[in-house]
$ cat input-v1.txt   # compact mmCIF, C-alpha atoms
# COMPACT_ATOMS: atom_id res chain seq x y z
CA MET A 41 0.00 0.00 0.00
CA ALA A 42 2.89 2.33 0.72
CA ARG A 43 3.95 2.07 -2.91
CA TRP A 44 0.71 3.72 -3.98
CA ILE A 45 1.11 6.56 -1.53
CA ALA A 46 4.60 7.42 -2.68
CA ALA A 47 4.74 9.25 -6.00
CA VAL A 48 8.11 7.77 -6.91
CA LEU A 49 9.93 4.80 -5.50
CA VAL A 50 13.51 4.08 -6.48
CA LEU A 51 13.80 0.41 -7.32
CA GLY A 52 16.60 -2.07 -6.87
CA MET A 53 15.31 -4.67 -9.31
CA THR A 54 17.59 -6.94 -11.31
CA GLY A 55 16.87 -8.49 -14.65
CA LEU A 56 18.36 -9.10 -18.05
CA ALA A 57 21.88 -7.92 -18.75
CA GLY A 58 22.54 -5.28 -21.41
CA PRO A 59 24.66 -6.98 -24.10
CA LEU A 60 27.20 -4.15 -24.39
CA SER A 61 27.74 -3.39 -20.77
CA GLY A 62 26.88 -6.24 -18.44
CA GLN A 63 24.50 -3.84 -16.71
CA HIS A 64 21.05 -5.02 -15.74
CA LEU A 65 17.70 -4.03 -17.12
CA THR A 66 15.56 -2.89 -14.18
CA LEU A 67 12.29 -2.70 -16.10
CA PRO A 68 9.75 -5.45 -15.35
CA MET A 69 8.85 -6.39 -18.96
CA LYS A 70 5.18 -6.93 -18.13
CA GLU A 71 2.95 -8.46 -20.74
CA GLY A 72 1.05 -5.87 -22.80
CA SER A 73 3.02 -2.89 -21.47
CA VAL A 74 3.90 0.25 -23.44
CA ARG A 75 7.66 0.47 -24.03
CA PHE A 76 9.56 3.45 -25.39
CA ALA A 77 12.84 5.36 -25.21
CA VAL A 78 13.55 9.07 -24.67
CA ILE A 79 16.47 11.07 -26.07
CA GLY A 80 17.13 14.78 -26.08
CA ASP A 81 19.58 17.16 -27.79
CA SER A 82 20.84 14.27 -29.87
CA GLY A 83 21.68 15.51 -33.35
CA THR A 84 25.41 16.17 -33.46
CA GLY A 85 26.61 13.24 -35.53
CA GLY A 86 29.57 13.04 -33.15
CA SER A 87 31.14 10.28 -31.09
CA ALA A 88 28.92 10.83 -28.03
CA GLN A 89 25.76 10.44 -30.06
CA LEU A 90 27.14 7.27 -31.61
CA LYS A 91 27.97 5.79 -28.20
CA VAL A 92 24.48 6.49 -26.89
CA ALA A 93 22.91 5.17 -30.11
CA LYS A 94 24.95 1.97 -29.78
CA GLN A 95 23.72 1.44 -26.23
CA LEU A 96 20.13 2.14 -27.32
CA ALA A 97 20.38 -0.52 -29.99
CA ALA A 98 21.93 -2.98 -27.54
CA PHE A 99 19.26 -2.49 -24.92
CA HIS A 100 16.56 -2.75 -27.57
CA LYS A 101 17.54 -6.39 -27.95
CA VAL A 102 16.51 -7.12 -24.36
CA PHE A 103 13.86 -4.38 -24.05
CA PRO A 104 12.18 -4.15 -27.48
CA PHE A 105 10.67 -0.67 -27.26
CA GLU A 106 8.30 0.31 -30.05
CA PHE A 107 9.05 4.02 -30.37
CA ALA A 108 11.28 6.84 -29.12
CA LEU A 109 10.58 10.45 -28.14
CA MET A 110 13.01 13.13 -29.35
CA LEU A 111 13.04 16.24 -27.17
CA GLY A 112 14.43 18.75 -29.66
CA ASP A 113 17.77 19.89 -31.05
CA ASN A 114 17.40 16.91 -33.33
CA LEU A 115 19.95 18.32 -35.81
CA TYR A 116 22.71 20.74 -34.86
CA GLY A 117 24.18 22.93 -37.58
CA SER A 118 23.29 22.47 -41.24
CA GLU A 119 20.26 20.42 -42.24
CA ARG A 120 21.04 19.11 -45.70
CA ALA A 121 19.97 15.63 -46.77
CA SER A 122 23.44 14.39 -45.85
CA ASP A 123 23.04 15.87 -42.37
CA TYR A 124 19.81 13.95 -41.80
CA ALA A 125 21.77 10.84 -42.74
CA ASP A 126 24.83 11.63 -40.58
CA LYS A 127 22.97 12.96 -37.53
CA PHE A 128 19.96 10.66 -37.47
CA GLU A 129 19.65 7.87 -40.02
CA ARG A 130 23.07 6.27 -39.61
CA PRO A 131 23.35 6.51 -35.79
CA TYR A 132 19.90 4.95 -35.29
CA LYS A 133 19.91 2.60 -38.31
CA PRO A 134 19.64 -0.61 -36.24
CA LEU A 135 16.55 0.80 -34.51
CA LEU A 136 14.99 2.11 -37.71
CA ASP A 137 15.62 -1.25 -39.35
CA ALA A 138 13.88 -2.91 -36.40
CA GLY A 139 10.78 -0.77 -36.99
CA VAL A 140 11.23 1.67 -34.09
CA LEU A 141 9.31 4.91 -34.74
CA PHE A 142 10.81 8.25 -33.70
CA TYR A 143 8.51 11.13 -32.68
CA ALA A 144 10.26 14.51 -32.62
CA ALA A 145 9.63 17.85 -30.97
CA LEU A 146 11.36 21.00 -32.20
CA GLY A 147 14.25 22.57 -30.28
CA ASN A 148 15.82 26.01 -30.54
CA HIS A 149 18.53 24.67 -32.91
CA ASP A 150 16.00 23.03 -35.24
CA ASP A 151 14.65 24.33 -38.52
CA PRO A 152 10.83 24.15 -38.40
CA ASN A 153 10.97 22.35 -41.76
CA GLN A 154 12.01 19.25 -39.83
CA ARG A 155 8.30 18.74 -39.38
CA PHE A 156 8.14 17.53 -42.99
CA TYR A 157 10.85 14.88 -42.52
CA LYS A 158 9.01 11.57 -42.69
CA LEU A 159 11.10 9.70 -40.09
CA PHE A 160 10.35 12.31 -37.40
CA ASN A 161 6.63 11.42 -37.68
CA MET A 162 5.45 15.01 -37.19
CA ASN A 163 3.18 14.89 -40.25
CA GLY A 164 3.99 18.48 -41.18
CA GLU A 165 2.91 19.91 -37.80
CA ARG A 166 4.90 21.91 -35.23
CA PHE A 167 2.76 20.38 -32.49
CA TYR A 168 0.75 17.17 -32.51
CA SER A 169 -0.44 14.26 -30.39
CA PHE A 170 -0.45 10.50 -30.81
CA LYS A 171 -1.71 7.53 -28.88
CA ALA A 172 0.37 4.52 -27.92
CA PRO A 173 -0.68 1.29 -29.64
CA LYS A 174 -3.21 -0.78 -27.72
CA ALA A 175 -3.06 1.35 -24.55
CA THR A 176 -4.73 4.36 -22.99
CA VAL A 177 -1.59 6.50 -23.16
CA ARG A 178 -1.53 9.73 -25.19
CA PHE A 179 1.51 11.89 -25.95
CA PHE A 180 1.42 15.63 -26.66
CA ALA A 181 4.37 17.11 -28.57
CA LEU A 182 4.72 20.89 -28.30
CA ASP A 183 6.83 23.50 -30.04
CA SER A 184 8.15 25.38 -27.02
CA ASN A 185 10.03 27.85 -29.22
CA TYR A 186 6.82 29.76 -29.84
CA LEU A 187 3.62 29.01 -27.97
CA ASP A 188 1.16 31.21 -29.86
CA LYS A 189 -2.61 31.32 -29.43
CA THR A 190 -3.15 28.69 -32.11
CA GLN A 191 -0.95 26.18 -30.30
CA PHE A 192 -2.35 27.09 -26.89
CA ASP A 193 -5.95 26.63 -28.05
CA TRP A 194 -5.03 23.34 -29.73
CA LEU A 195 -3.39 22.05 -26.55
CA ALA A 196 -6.36 23.02 -24.40
CA LYS A 197 -8.75 21.27 -26.77
CA GLU A 198 -6.60 18.14 -27.15
CA LEU A 199 -6.08 17.71 -23.41
CA ALA A 200 -9.75 18.31 -22.62
CA GLY A 201 -10.86 15.87 -25.29
CA SER A 202 -8.52 13.05 -24.35
CA ASP A 203 -9.91 10.19 -22.29
CA SER A 204 -6.54 8.44 -22.02
CA ASP A 205 -5.49 7.27 -18.57
CA TRP A 206 -1.95 8.58 -19.06
CA LYS A 207 -1.27 12.04 -20.52
CA ILE A 208 2.39 12.72 -21.27
CA ALA A 209 3.77 15.96 -22.72
CA PHE A 210 7.16 16.34 -24.37
CA PHE A 211 8.93 19.43 -25.68
CA HIS A 212 12.29 21.16 -25.58
CA HIS A 213 12.46 23.92 -22.94
CA PRO A 214 12.01 22.79 -19.30
CA ILE A 215 9.55 24.78 -17.22
CA TYR A 216 11.25 23.48 -14.07
CA SER A 217 15.03 23.11 -14.05
CA SER A 218 17.99 23.42 -11.70
CA GLY A 219 20.34 24.19 -14.59
CA GLU A 220 22.75 27.03 -13.98
CA LYS A 221 23.03 27.72 -17.72
CA HIS A 222 19.32 28.03 -18.55
CA GLY A 223 17.14 27.23 -15.55
CA SER A 224 13.34 27.17 -15.50
CA HIS A 225 11.44 28.70 -18.42
CA VAL A 226 9.02 30.61 -16.19
CA GLU A 227 7.07 32.35 -18.97
CA LEU A 228 6.32 29.02 -20.64
CA ARG A 229 5.39 27.55 -17.27
CA GLU A 230 2.83 30.29 -16.72
CA GLN A 231 1.23 29.40 -20.04
CA VAL A 232 1.12 25.60 -19.98
CA GLU A 233 1.14 24.52 -16.34
CA PRO A 234 -2.47 25.57 -15.67
CA LEU A 235 -3.56 23.38 -18.60
CA PHE A 236 -1.44 20.46 -17.38
CA LEU A 237 -2.97 20.72 -13.91
CA LYS A 238 -6.54 21.16 -15.12
CA HIS A 239 -6.50 18.27 -17.56
CA GLY A 240 -4.47 15.66 -15.68
CA VAL A 241 -1.05 15.59 -17.33
CA ASP A 242 1.05 13.03 -15.46
CA VAL A 243 4.60 13.36 -16.80
CA VAL A 244 6.52 15.97 -18.82
CA PHE A 245 9.78 15.19 -20.67
CA THR A 246 12.05 18.05 -21.80
CA GLY A 247 15.60 18.60 -23.04
CA HIS A 248 17.59 21.82 -23.64
CA GLU A 249 19.71 21.40 -20.51
CA HIS A 250 22.63 19.13 -21.35
CA PHE A 251 22.27 16.84 -18.35
CA TYR A 252 19.76 14.53 -16.70
CA GLU A 253 17.50 15.79 -13.94
CA ARG A 254 14.46 14.12 -12.46
CA LEU A 255 12.71 16.76 -10.41
CA LYS A 256 10.61 16.29 -7.33
CA PRO A 257 6.93 16.38 -8.33
CA GLN A 258 5.77 19.93 -8.90
CA ASN A 259 2.08 20.30 -8.03
CA GLY A 260 1.74 16.55 -8.50
CA ILE A 261 3.30 16.44 -11.99
CA HIS A 262 6.59 14.67 -12.70
CA TYR A 263 9.11 16.63 -14.78
CA ILE A 264 12.16 14.91 -16.25
CA ILE A 265 14.96 16.60 -18.19
CA THR A 266 17.12 14.43 -20.41
CA GLY A 267 19.07 16.63 -22.82
CA SER A 268 22.37 14.77 -22.86
CA ALA A 269 22.05 12.21 -25.64
CA ALA A 270 24.92 13.88 -27.54
CA LYS A 271 25.94 17.02 -25.63
CA LEU A 272 26.95 17.38 -21.99
CA ARG A 273 27.31 20.33 -19.63
CA ARG A 274 29.22 18.94 -16.68
CA GLY A 275 28.70 20.34 -13.20
CA ASN A 276 25.75 22.47 -14.27
CA ILE A 277 23.02 21.21 -11.96
CA GLY A 278 22.61 23.88 -9.31
CA THR A 279 21.21 23.60 -5.80
CA THR A 280 17.52 24.51 -5.97
CA GLY A 281 15.88 21.95 -3.72
CA MET A 282 13.87 20.67 -6.71
CA THR A 283 16.18 17.81 -7.71
CA ALA A 284 15.16 14.25 -6.91
CA LYS A 285 18.03 12.85 -8.98
CA GLY A 286 20.63 14.64 -11.07
CA PHE A 287 23.39 13.35 -13.31
CA ASP A 288 25.74 15.60 -15.29
CA ASP A 289 28.81 13.36 -15.45
CA GLY A 290 27.87 11.50 -18.64
CA TYR A 291 25.57 11.22 -21.63
CA THR A 292 22.17 9.64 -21.11
CA PHE A 293 19.02 8.15 -22.56
CA MET A 294 15.90 6.74 -20.92
CA LEU A 295 13.91 3.55 -21.24
CA ILE A 296 10.28 3.67 -20.13
CA GLU A 297 7.65 1.01 -19.51
CA ILE A 298 4.01 1.79 -18.70
CA ALA A 299 1.97 -1.03 -17.21
CA GLY A 300 -1.45 -0.13 -15.87
CA ASP A 301 -1.14 2.78 -13.42
CA GLU A 302 2.65 2.54 -13.13
CA MET A 303 5.42 4.03 -15.26
CA PHE A 304 8.76 2.32 -14.74
CA PHE A 305 11.85 4.21 -15.87
CA GLN A 306 15.55 3.50 -16.25
CA THR A 307 18.15 6.13 -17.15
CA ILE A 308 21.36 4.79 -18.70
CA ASP A 309 24.65 6.45 -19.61
CA GLU A 310 26.82 5.98 -22.71
CA ASN A 311 28.69 3.12 -21.03
CA GLY A 312 25.54 1.17 -20.21
CA LYS A 313 25.53 2.09 -16.52
CA THR A 314 22.18 2.75 -14.86
CA VAL A 315 22.22 6.17 -13.20
CA ASP A 316 18.57 6.32 -12.10
CA SER A 317 15.56 4.02 -11.99
CA GLY A 318 12.19 3.86 -10.33
CA VAL A 319 8.44 3.97 -10.83
CA ILE A 320 5.93 6.78 -11.13
CA VAL A 321 2.31 6.22 -10.19
CA ARG A 322 -0.31 7.86 -12.36
CA ARG A 323 -1.28 11.20 -10.82
CA GLU A 324 -4.98 10.49 -10.38
CA VAL A 325 -4.28 7.17 -8.66
CA ALA A 326 -1.53 8.61 -6.44
CA ALA A 327 -3.80 11.48 -5.36
CA THR A 328 -6.67 9.09 -4.57
CA SER A 329 -4.38 6.87 -2.49
CA VAL A 330 -3.06 9.82 -0.47
CA SER A 331 -6.57 11.13 0.24
CA ARG A 332 -7.77 7.80 1.68
$ encode --input "input-v1.txt" --output "structure tokens"
Amino acid sequence: MARWIAAVLVLGMTGLAGPLSGQHLTLPMKEGSVRFAVIGDSGTGGSAQLKVAKQLAAFHKVFPFEFALMLGDNLYGSERASDYADKFERPYKPLLDAGVLFYAALGNHDDPNQRFYKLFNMNGERFYSFKAPKATVRFFALDSNYLDKTQFDWLAKELAGSDSDWKIAFFHHPIYSSGEKHGSHVELREQVEPLFLKHGVDVVFTGHEHFYERLKPQNGIHYIITGSAAKLRRGNIGTTGMTAKGFDDGYTFMLIEIAGDEMFFQTIDENGKTVDSGVIVRREVAATSVSR
């Protein structure tokens, strides 16, 4: 019963070993669960991106996730056809060949025309939503570079109209952050947080900060920053009192599994080492348990 009262419990589970690293998969691999990966600030084409991509492909063999969220800054620098190949298609070729779908959000280094690139699955839109296969989980991708009235009204309508159990938002700029370089995007927070609270958003994934930070729940919502899939800003997590777990000593990606009212997560560095893991209980269920 205590597990339901706590919003997040850090787990010490053991499981299958990652083939590159000898590290263990902590995720439970429950039948019928939703499985996906999360990467942010990934598009450099450099050695760090390749290391993370190699670990992603290795862990996919023991945790066959169906899709991946991209949190912006998907392509740094020029965006010619060769750059899409060097900074996306070649690094993630094993995953693309395995049928993994990538869903992108736009970052401040991204040309908005990325929305027309077929493999980013944006269908020509700066902001969009999609539902996980065979599950009541809906994802909302935002363009946090410019939240105009059109996007705001769309988000309000989409959130209000969704009957999914889980509502998960992902975009580039974090509205809560302990980063000393950027910090919290307060103006964006003032715009979107009331909608998140009103319509039951459970988890928000963002990038922009080149580190990993899982924040303590803010008004019942879980915010996770993972912007270090190819770039890293060491020693940049400041002391704010908001950090549940921070890691700025290496590059990272996340593996996520949603089973019923629980979201299991595992954060892994470029060497295959697990730097954070745990479970998040869906906000409505956690609130009900606390009130009993």
$ axis_aligned_box --input "input-v1.txt" --around "range 174-178 of chain A" --padding-each-side "4 Å" --output "JSON"
{"center_x": -3.1, "center_y": 4.5, "center_z": -25.4, "size_x": 11.2, "size_y": 18.5, "size_z": 12.7}
$ closest_atom_pairs --input "input-v1.txt" --of "range 195-215 of chain A" --to "range 306-328 of chain A" --cutoff "10 Å" --atoms "all atoms listed in the file" --output "JSON lines"
{"residue": "A:Asp205", "atom": "CA", "partner": "A:Arg322", "partner_atom": "CA", "distance": 8.1}
{"residue": "A:Trp206", "atom": "CA", "partner": "A:Arg322", "partner_atom": "CA", "distance": 6.9}
{"residue": "A:Lys207", "atom": "CA", "partner": "A:Arg322", "partner_atom": "CA", "distance": 9.2}
$ write_last_selection --input "input-v1.txt" --atoms "C-alpha atoms" --output "short mmCIF file (atom, residue, chain, number, x, y, z; two decimals), in the coordinates of the input"
data_model
loop_
_atom_site.label_atom_id
_atom_site.label_comp_id
_atom_site.auth_asym_id
_atom_site.auth_seq_id
_atom_site.Cartn_x
_atom_site.Cartn_y
_atom_site.Cartn_z
CA ASP A 205 -5.49 7.27 -18.57
CA TRP A 206 -1.95 8.58 -19.06
CA LYS A 207 -1.27 12.04 -20.52
#
$ closest_residue --input "input-v1.txt" --among "A:Asp188, A:Asn163, A:His239, A:Val92" --to "Ser202 in chain A" --atoms "only C-alpha atoms"
A:His239
$ atom_distance --input "input-v1.txt" --atom1 "CA of Gly164 in chain A" --atom2 "CA of Pro234 in chain A"
27.3 Å
$ closest_residue --input "input-v1.txt" --among "A:Ile265, A:Leu195, A:Leu115, A:Ala299" --to "Thr283 in chain A" --atoms "all atoms listed in the file"
A:Ile265
$ atom_distance --input "input-v1.txt" --atom1 "CA of Thr190 in chain A" --atom2 "CA of His248 in chain A"
23.4 Å
$ residues_around --input "input-v1.txt" --residues "range 136-148 of chain A" --least-positions-apart "2" --cutoff "6 Å" --atoms "only C-alpha atoms" --output "list in words"
Glu106, Phe107, Ala108, Leu109, Met110, Leu111, Gly112, Asp113, Lys133, Pro134, Asp150, Phe160, Asn161, Ala181, Asp183, Phe211 and His212 of chain A
$ residues_around --input "input-v1.txt" --residues "Gly247 in chain A" --least-positions-apart "2" --cutoff "12 Å" --atoms "only C-alpha atoms" --output "MDAnalysis selection string"
chainID A and resid 78:82 109:114 144:149 184 210:217 219 222:225 244:245 249:254 263:272 292:293
$ atom_distance --input "input-v1.txt" --atom1 "CA of Gly72 in chain A" --atom2 "CA of Leu182 in chain A"
27.6 Å
$ closest_residue --input "input-v1.txt" --among "A:Asp242, A:Ser169, A:Ile296, A:Ser204" --to "Phe99 in chain A" --atoms "only C-alpha atoms"
A:Ile296
$ closest_residue --input "input-v1.txt" --among "A:Val243, A:Lys158, A:Asn153, A:Gln231" --to "Lys189 in chain A" --atoms "only C-alpha atoms"
A:Gln231
$ closest_residue --input "input-v1.txt" --among "A:Glu220, A:Ser122, A:Arg130, A:Ile208" --to "Val177 in chain A" --atoms "only C-alpha atoms"
A:Ile208
$ closest_residue --input "input-v1.txt" --among "A:Leu237, A:Pro68, A:Gln154, A:Gly286" --to "Val102 in chain A" --atoms "all atoms listed in the file"
A:Pro68
